[in-house]
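S.K.: The following block contains the structure, expressed as structure tokens.
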Amino acid sequence: MPSGDAGTSRTVAIRRVMGWSEVRAGSLTACTVVVVAGGVLLSFSLPKLAIPWLAYVGLAPLLLFCRRATGLRSLWLGWACGMGFYLPLLYWVVLVMEQYGGLPRLASLLVTLLLTAYLACYPALFAFFASLVARRREAWYWGATPFLWVGVEVGRAHAVFGGFPWGELAYSQVPWPLLIQSADLFGTAGLNLLLVTVNGAVAASLEAWFFPAWGEAGSRWWRVLRQPVTLAAVLLFLGNAAYGVVQWSAYAPERQAAEARGTGQTAAAATAAGGIAGGLGQSGSGDTPPATARRAAAGALRLGILQGSVPQGIKWERSYREATLDIYETLSRQARAAGVDLVVWPETALPFDFAAESALRRRFLEGVRESATPTVVGAPTVEAVAGAASGESSRVFNSAYLLSPRAEVLGRYDKQHLVPFGEYVPFSWLFKFASNLTGEIGAFTPGAGVAMMELRGHPFAVLICFEIIFPELARAAARQGAEFFLNLTNDAWFGRTSAPYQHWAMASLRAVETRRPIARAANTGISGWIDRRGGLHAGAGLFERAVVRVTIPPRHTPLTFYVRLGYLFGWLCAAVALGFVLAALWRPRGVSGRR
């Protein structure tokens, strides 16, 4: 058989396998399976599996098929891809609803399906708009899709219940820290744009290789390389990597400073000494750091982070409150013995109202006075509401307190962005089952704004729990002068699922965006710190009881481009996306697009 005939046969076979001819003819079965598989690959790019390169190819099938799909079919394909992505990513919601919401297994599965079905609507909208552009302005398709994706993600981050930007594709690149340094310019929007552009190049290359346009000349390699989206993807990727190399080198002294201070951890109480592999700031060479690193180390702050590993199921039981205080007081004494400058307790580590006078409160304050060490602690705060017309008698806040060595309250921060169905129940008349999730203390009230605190002349801010996934909160604190952040959280809800790893990885982008280090105190883990380059330094694994001793080198760092201008790039991408859609809808007389 002539070589040309053999090549044609291979192309026909591959078309049959991929179902391309069926897509054109009308069957959705083949491409639905492929786009769902692509969505699953996207979920695998994020923790716990964390295979970064999958984020560069998982969206390609959807991009390829939407180029040839009608509006309704594109909606279906986008939604199917979204379900393939969000179900493996958020499977842990079943555990939360069943164990802590008191729902039967079947009802928990239904709630999870409803949540993922809602989130899958965003990829569906993306696919619909992409298909619209392809049908009306085909030449714009590959250039429009990255902006359309970012525009839809902007909507997801700011829509229902204050937005839910959990699991953006940008976080898949955290294991490759060189590639996330541009977040100080463009935030997650820039990385999302890059990833979708590369996916578009992969999809366009597949189309050019296997399905050339009628009469298109040239070899397959030439057809692939001549695609404008391929050139754009290569340039964007190389430019992003080059910027990463420059920024990685610029912040190298910080890592050396941490090593000079002997950053490490002290195991505590019920667990064996040590920690997880690759612990905090351990120097591999033992070489003396340069003078700049030693000077930075001299002003560094030593923090003792307490990880009490108190199970969520008994956290709010009255009979266990003294035992909880015993655990954290023991860890606090060990932190003080290590000579730290600040002891950090996790979110709601005190399972009682901090504002009310009680024996437990007096005991806690006496322990702080004995330690003679500044302390940050998470605790609920109940405030009476005088003369409320609504009949509300009190408000409950999820608070963090800074206490002096004499146990005086120097600062208080109330969590601003509450977890829907975890700290409050929206439309409570409809979701009565979710009242169990707010715990014994009831629904919380959002705080008023950023509250700056100070340690040894270094201002810092506290972000509580999943506030760390909202860039605008970290930006606001950085603009007010914060030199570092404390992230207090209680991830006991998630058990040993992938959720704690996802939460931990997402904090990395906040450090890069603001160029401020982050120390993280988690009740059941993962506790540790994150440097300005987004490097994750875990000091204790899940459900280990330990004191994690970290060294934070705070200093006044100029505000980054991202902090100064906020989410401007994301909104600009959304505006460009809207422009593509409006231009596709506008059809001047005498001009017709492909239907």
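By convention here, the chains of the structure tokens are called A, B, ... in the order presented, each chain's residues are numbered starting at 1, and ligands are numbered starting at 1 in the order presented.
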For range 182-198 of chain A, please output as a PDB file with all heavy atoms, in the first residue's frame all residues within 6 Å (counting only C-alpha atoms; exclusion window: fewer than 6 positions along the same chain).
M.R.:
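out-v1.pdb was written with the following content:
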ATOM      1  N   TYR A  56      -2.822  21.372  31.393  1.00  0.00           N
ATOM      2  CA  TYR A  56      -2.518  21.915  30.072  1.00  0.00           C
ATOM      3  C   TYR A  56      -3.218  21.150  28.950  1.00  0.00           C
ATOM      4  O   TYR A  56      -3.181  21.583  27.799  1.00  0.00           O
ATOM      5  CB  TYR A  56      -1.006  21.882  29.828  1.00  0.00           C
ATOM      6  CG  TYR A  56      -0.235  22.837  30.695  1.00  0.00           C
ATOM      7  CD1 TYR A  56       0.316  22.427  31.911  1.00  0.00           C
ATOM      8  CD2 TYR A  56      -0.042  24.161  30.312  1.00  0.00           C
ATOM      9  CE1 TYR A  56       1.032  23.301  32.713  1.00  0.00           C
ATOM     10  CE2 TYR A  56       0.674  25.045  31.106  1.00  0.00           C
ATOM     11  CZ  TYR A  56       1.206  24.603  32.303  1.00  0.00           C
ATOM     12  OH  TYR A  56       1.913  25.485  33.099  1.00  0.00           O
ATOM     13  N   PRO A 146      -9.593  31.749  25.750  1.00  0.00           N
ATOM     14  CA  PRO A 146      -8.948  32.036  27.054  1.00  0.00           C
ATOM     15  C   PRO A 146      -9.645  33.162  27.815  1.00  0.00           C
ATOM     16  O   PRO A 146      -9.815  33.081  29.040  1.00  0.00           O
ATOM     17  CB  PRO A 146      -7.514  32.423  26.673  1.00  0.00           C
ATOM     18  CG  PRO A 146      -7.289  31.785  25.337  1.00  0.00           C
ATOM     19  CD  PRO A 146      -8.619  31.845  24.649  1.00  0.00           C
ATOM     20  N   ALA A 170      -5.551  27.607  38.067  1.00  0.00           N
ATOM     21  CA  ALA A 170      -4.260  28.215  38.406  1.00  0.00           C
ATOM     22  C   ALA A 170      -3.570  27.483  39.550  1.00  0.00           C
ATOM     23  O   ALA A 170      -2.335  27.378  39.582  1.00  0.00           O
ATOM     24  CB  ALA A 170      -4.455  29.686  38.775  1.00  0.00           C
ATOM     25  N   ALA A 233       0.709  30.364  22.601  1.00  0.00           N
ATOM     26  CA  ALA A 233       0.888  29.524  23.786  1.00  0.00           C
ATOM     27  C   ALA A 233       2.368  29.375  24.132  1.00  0.00           C
ATOM     28  O   ALA A 233       2.749  29.447  25.307  1.00  0.00           O
ATOM     29  CB  ALA A 233       0.258  28.155  23.551  1.00  0.00           C
ATOM     30  N   VAL A 512       2.321  34.674  46.934  1.00  0.00           N
ATOM     31  CA  VAL A 512       2.970  35.198  45.728  1.00  0.00           C
ATOM     32  C   VAL A 512       2.326  36.508  45.300  1.00  0.00           C
ATOM     33  O   VAL A 512       3.022  37.461  44.939  1.00  0.00           O
ATOM     34  CB  VAL A 512       2.903  34.158  44.590  1.00  0.00           C
ATOM     35  CG1 VAL A 512       3.543  34.720  43.322  1.00  0.00           C
ATOM     36  CG2 VAL A 512       3.595  32.873  44.997  1.00  0.00           C
ATOM     37  N   GLU A 513       0.998  36.565  45.318  1.00  0.00           N
ATOM     38  CA  GLU A 513       0.298  37.777  44.881  1.00  0.00           C
ATOM     39  C   GLU A 513       0.702  39.003  45.685  1.00  0.00           C
ATOM     40  O   GLU A 513       0.859  40.095  45.146  1.00  0.00           O
ATOM     41  CB  GLU A 513      -1.208  37.566  45.009  1.00  0.00           C
ATOM     42  CG  GLU A 513      -1.788  36.597  43.997  1.00  0.00           C
ATOM     43  CD  GLU A 513      -3.180  36.138  44.386  1.00  0.00           C
ATOM     44  OE1 GLU A 513      -3.634  36.473  45.497  1.00  0.00           O
ATOM     45  OE2 GLU A 513      -3.811  35.435  43.573  1.00  0.00           O
ATOM     46  N   THR A 560       2.924  44.947  45.404  1.00  0.00           N
ATOM     47  CA  THR A 560       3.034  44.375  44.067  1.00  0.00           C
ATOM     48  C   THR A 560       2.039  45.038  43.118  1.00  0.00           C
ATOM     49  O   THR A 560       1.091  45.716  43.535  1.00  0.00           O
ATOM     50  CB  THR A 560       2.761  42.865  44.100  1.00  0.00           C
ATOM     51  OG1 THR A 560       1.392  42.648  44.480  1.00  0.00           O
ATOM     52  CG2 THR A 560       3.678  42.158  45.084  1.00  0.00           C
ATOM     53  N   PHE A 561       2.266  44.807  41.839  1.00  0.00           N
ATOM     54  CA  PHE A 561       1.344  45.318  40.821  1.00  0.00           C
ATOM     55  C   PHE A 561      -0.062  44.801  41.083  1.00  0.00           C
ATOM     56  O   PHE A 561      -1.044  45.535  40.965  1.00  0.00           O
ATOM     57  CB  PHE A 561       1.843  44.868  39.440  1.00  0.00           C
ATOM     58  CG  PHE A 561       1.007  45.349  38.293  1.00  0.00           C
ATOM     59  CD1 PHE A 561       1.190  46.613  37.763  1.00  0.00           C
ATOM     60  CD2 PHE A 561       0.042  44.529  37.737  1.00  0.00           C
ATOM     61  CE1 PHE A 561       0.420  47.059  36.699  1.00  0.00           C
ATOM     62  CE2 PHE A 561      -0.738  44.957  36.673  1.00  0.00           C
ATOM     63  CZ  PHE A 561      -0.550  46.228  36.151  1.00  0.00           C
ATOM     64  N   TYR A 562      -0.170  43.543  41.480  1.00  0.00           N
ATOM     65  CA  TYR A 562      -1.476  42.939  41.730  1.00  0.00           C
ATOM     66  C   TYR A 562      -2.162  43.565  42.937  1.00  0.00           C
ATOM     67  O   TYR A 562      -3.363  43.821  42.919  1.00  0.00           O
ATOM     68  CB  TYR A 562      -1.313  41.438  41.940  1.00  0.00           C
ATOM     69  CG  TYR A 562      -2.622  40.710  42.122  1.00  0.00           C
ATOM     70  CD1 TYR A 562      -3.487  40.529  41.064  1.00  0.00           C
ATOM     71  CD2 TYR A 562      -2.996  40.214  43.365  1.00  0.00           C
ATOM     72  CE1 TYR A 562      -4.689  39.867  41.221  1.00  0.00           C
ATOM     73  CE2 TYR A 562      -4.195  39.543  43.536  1.00  0.00           C
ATOM     74  CZ  TYR A 562      -5.037  39.377  42.458  1.00  0.00           C
ATOM     75  OH  TYR A 562      -6.230  38.728  42.635  1.00  0.00           O
ATOM     76  N   PHE A 569      -6.815  42.795  36.005  1.00  0.00           N
ATOM     77  CA  PHE A 569      -6.578  41.949  34.834  1.00  0.00           C
ATOM     78  C   PHE A 569      -7.749  40.995  34.611  1.00  0.00           C
ATOM     79  O   PHE A 569      -8.175  40.775  33.479  1.00  0.00           O
ATOM     80  CB  PHE A 569      -5.274  41.159  35.007  1.00  0.00           C
ATOM     81  CG  PHE A 569      -4.924  40.316  33.818  1.00  0.00           C
ATOM     82  CD1 PHE A 569      -4.431  40.899  32.667  1.00  0.00           C
ATOM     83  CD2 PHE A 569      -5.103  38.939  33.832  1.00  0.00           C
ATOM     84  CE1 PHE A 569      -4.119  40.120  31.551  1.00  0.00           C
ATOM     85  CE2 PHE A 569      -4.802  38.160  32.737  1.00  0.00           C
ATOM     86  CZ  PHE A 569      -4.309  38.759  31.587  1.00  0.00           C
ATOM     87  N   GLY A 570      -8.277  40.423  35.696  1.00  0.00           N
ATOM     88  CA  GLY A 570      -9.420  39.531  35.567  1.00  0.00           C
ATOM     89  C   GLY A 570     -10.632  40.242  35.002  1.00  0.00           C
ATOM     90  O   GLY A 570     -11.324  39.720  34.117  1.00  0.00           O
TER      91      GLY A 570
END
S.K.: Excluding range 480-489 of chain A and any residue of its chain fewer than 6 positions from it, enumerate the residues within 8 Å of it, using only C-alpha atoms, and give them as a PyMOL selection string.
M.R.: chain A and resi 345-347+378+452+458-466+468+516-523+554-557
S.K.: Please report the interatomic distance between CA of Ala300 in chain A and CA of Val344 in chain A in Å with one decimal.
M.R.: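 Between these atoms lies a distance of 16.0 Å.
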S.K.: Calculated over only C-alpha atoms, which of the candidates A:Leu119, A:Leu62, A:Leu568, A:Leu559 has the smallest distance to Gly163 in chain A?
M.R.: A:Leu119
S.K.: Between A:Val245, A:Val450, A:Ala492, A:Val340, which has the minimum distance to Gly313 in chain A (counting only C-alpha atoms)?
M.R.: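 Under the stated criterion, the closest residue is A:Ala492.
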S.K.: Check the smallest atom-to-atom distance from each of A:Ala474, A:Ala546, A:Leu63, A:Leu231 to Ser332 in chain A using only C-alpha atoms, then report the winner.
M.R.: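 Comparing A:Ala474, A:Ala546, A:Leu63, A:Leu231 against Ser332 in chain A, the winner is A:Ala546.
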S.K.: Can you pull out the residues contacting range 580-585 of chain A? Cut-off 6 Å, using only C-alpha atoms, and skip same-chain residues under 6 positions away; I want them as a list in words.
M.R.: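 Those residues are Val133, Arg136 and Arg137 of chain A.
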S.K.: Point out the residue among A:Arg333, A:Arg510, A:Arg67, A:Arg545 with the least atom-to-atom distance to Ile530 in chain A, counting only C-alpha atoms.
M.R.: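 Looking at the shortest contact to Ile530 in chain A, the residue is A:Arg510.
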S.K.: Enter the distance from CA of Leu536 in chain A to CA of Asn240 in chain A, in Å, rounded to one decimal.
M.R.: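 Calculated distance between CA of Leu536 in chain A and CA of Asn240 in chain A is 20.3 Å.
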S.K.: Need to verify the contact set: range 497-508 of chain A, 9 Å, only C-alpha atoms, exclusion of same-chain residues closer than 5 positions in sequence. Can you return it as a PyMOL selection string?
M.R.: chain A and resi 46-49+89-92+95+166-168+171-172+174-175+465-466+468-469+487+491-492+513+518+520+525-527+530-536+542
S.K.: Can you work out which one of A:Thr445, A:Val382, A:Leu342, A:Ser309 has the shortest atom-to-atom distance to Glu357 in chain A, counting only C-alpha atoms?
M.R.: A:Val382
S.K.: Could you state the separation of CA of Arg564 in chain A and CA of Ala400 in chain A in Å, given to one decimal place?
M.R.: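 Answer for the CA of Arg564 in chain A to CA of Ala400 in chain A separation: 26.6 Å.
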S.K.: Which residue, A:Arg412, A:Arg361, A:Arg73, A:Arg406, has the smallest gap to Glu454 in chain A when you use only C-alpha atoms?
M.R.: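 Nearest candidate to Glu454 in chain A out of A:Arg412, A:Arg361, A:Arg73, A:Arg406: A:Arg412.
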S.K.: From the DSSP assignment of the backbone, select every residue of range 319-410 of chain A that is strand (DSSP E or B), and format the answer as a VMD selection string.
M.R.: chain A and resid 342 to 344 375 to 384 394 to 403 409 to 410
S.K.: Show which residues sit within 8 Å of Val93 in chain A, as an MDAnalysis selection string. Count only C-alpha atoms, and ignore same-chain residues fewer than 4 positions away.
M.R.: chainID A and resid 97 108 112
S.K.: Can you tell me, as JSON, numbers by chain, what residues are no more than 8 Å from range 154-161 of chain A when counting only C-alpha atoms, ignoring any on the same chain fewer than 2 positions away?
M.R.: {"A": [119, 122, 150, 151, 152, 163, 164, 165, 420, 426, 570, 571, 574]}
